[in-house]
Amino acid sequence: MRVISLGWGVQSFTLAAMAAVGEIAPVDAAVHADTLHESSLTYAFAKQWTPWLEERGVRVVTVSDRQQEGTADKWGGVFIPAFTHDGRSAGMLRRSCTHRWKIAPIRRWLQANRPSDTVELLIGISTDEAMRVKPSDVRYITNQWPLLELGMSRGHCENWLEEHGIEVPPKSACTFCPFHDTKEWRNVRAIPEDWAEAVAVDQAIRTMRPPHYLYVHPARVPLTEIDLNTPEENGQMRLWDEECFGVCGV
């Protein structure tokens, strides 16, 4: 059995599109583990491009951990790597959301549907994130990284999609992911429903691990208090326009 782990981000969607147009070997399915908290842009992109994939022989399957209750289980355990502060020291919780919301649902589906002893799981890791490569920790799954074999970076993936007349997807991540940089937080804020969810989660987790206070932003203050504006938006003037006239000697 040959399956793509489809996150609907640039790299994994490129793999699915390559299978759809015949540039890599056919797959039995592209399985998407829906965290239930993806960006509205990601859900819209998936809705638009799922029919395109399936018309070209790539079956799209969506699975999820429907047992989750927001970001905490019934024992109050937080599954996101929130930033902590207890008034004296700062830290970060261990991340378990990836396994709970992505890895485990995909494996449950594979176990229920694999017709043979082994599964080839195609993972969209590109050359610029090769440090993420890890072998499978279960015997029935063999991880494969076609983008690495092809020497493709994220930029190469974007170029490949554009050259084939295929839309480049938005970055895939939960709305409240603590690993967002300022640019991503600005993107979240630009979509009212996504921002509302991120703010609600940030508020909900605050006192779930006493004596620590928890936050989704590394500044360790409520998300609504973070200044996400650019210096220009805060009134700082530019020293020059961004157009280069070639006079600085660089």
# chains A, B, ... in the order shown; residues from 1 in each chain; ligands from 1
>>> residues_around(residues="range 111-120 of chain A", least_positions_apart="2", cutoff="8 Å", atoms="only C-alpha atoms", output="list in words")
Met1, Arg2, Val3, Arg107, Arg108, Trp109, Leu122, Arg139, Tyr140, Ile141, Thr142, Asn143 and Gln144 of chain A
>>> residues_around(residues="Thr14 in chain A", least_positions_apart="5", cutoff="9 Å", atoms="only C-alpha atoms", output="ChimeraX atom specification")
/A:8-9,19,124,147,157-158,160-161,168
>>> select_by_dssp(residues="range 58-122 of chain A", states="strand (DSSP E)", output="PyMOL selection string")
chain A and resi 60-63+83-85+90-92+119-122
>>> atom_distance(atom1="CA of Pro170 in chain A", atom2="CA of Ala198 in chain A")
17.6 Å
>>> select_by_dssp(residues="range 45-214 of chain A", states="helix (DSSP H, G or I)", output="PyMOL selection string")
chain A and resi 45-55+97-113+127-132+146-149+154-163+182-189+192-204
>>> residues_around(residues="Pro210 in chain A", least_positions_apart="2", cutoff="10 Å", atoms="only C-alpha atoms", output="MDAnalysis selection string")
chainID A and resid 84:86 206:208 212:214
>>> write_last_selection(atoms="N, CA and C atoms", output="CSV table (one decimal), in the first residue's frame")
chain,number,residue,atom,x,y,z
A,84,THR,N,5.2,28.8,29.0
A,84,THR,CA,4.8,28.9,30.4
A,84,THR,C,5.6,30.0,31.2
A,85,HIS,N,5.0,30.4,32.3
A,85,HIS,CA,5.6,31.3,33.2
A,85,HIS,C,5.0,31.2,34.6
A,86,ASP,N,5.8,31.1,35.6
A,86,ASP,CA,5.2,31.0,37.0
A,86,ASP,C,5.6,32.1,37.8
A,206,ARG,N,-5.0,29.3,30.0
A,206,ARG,CA,-4.2,30.1,30.9
A,206,ARG,C,-3.8,29.5,32.2
A,207,THR,N,-4.8,28.9,32.9
A,207,THR,CA,-4.5,28.3,34.2
A,207,THR,C,-4.7,26.8,34.3
A,208,MET,N,-4.4,26.1,33.2
A,208,MET,CA,-4.6,24.7,33.1
A,208,MET,C,-3.4,23.9,33.8
A,212,HIS,N,1.8,27.3,36.8
A,212,HIS,CA,2.3,28.0,35.6
A,212,HIS,C,1.1,28.6,34.9
A,213,TYR,N,1.3,29.8,34.3
A,213,TYR,CA,0.4,30.4,33.4
A,213,TYR,C,0.8,30.0,32.0
A,214,LEU,N,-0.1,29.7,31.1
A,214,LEU,CA,0.2,29.3,29.8
A,214,LEU,C,-0.3,30.3,28.7
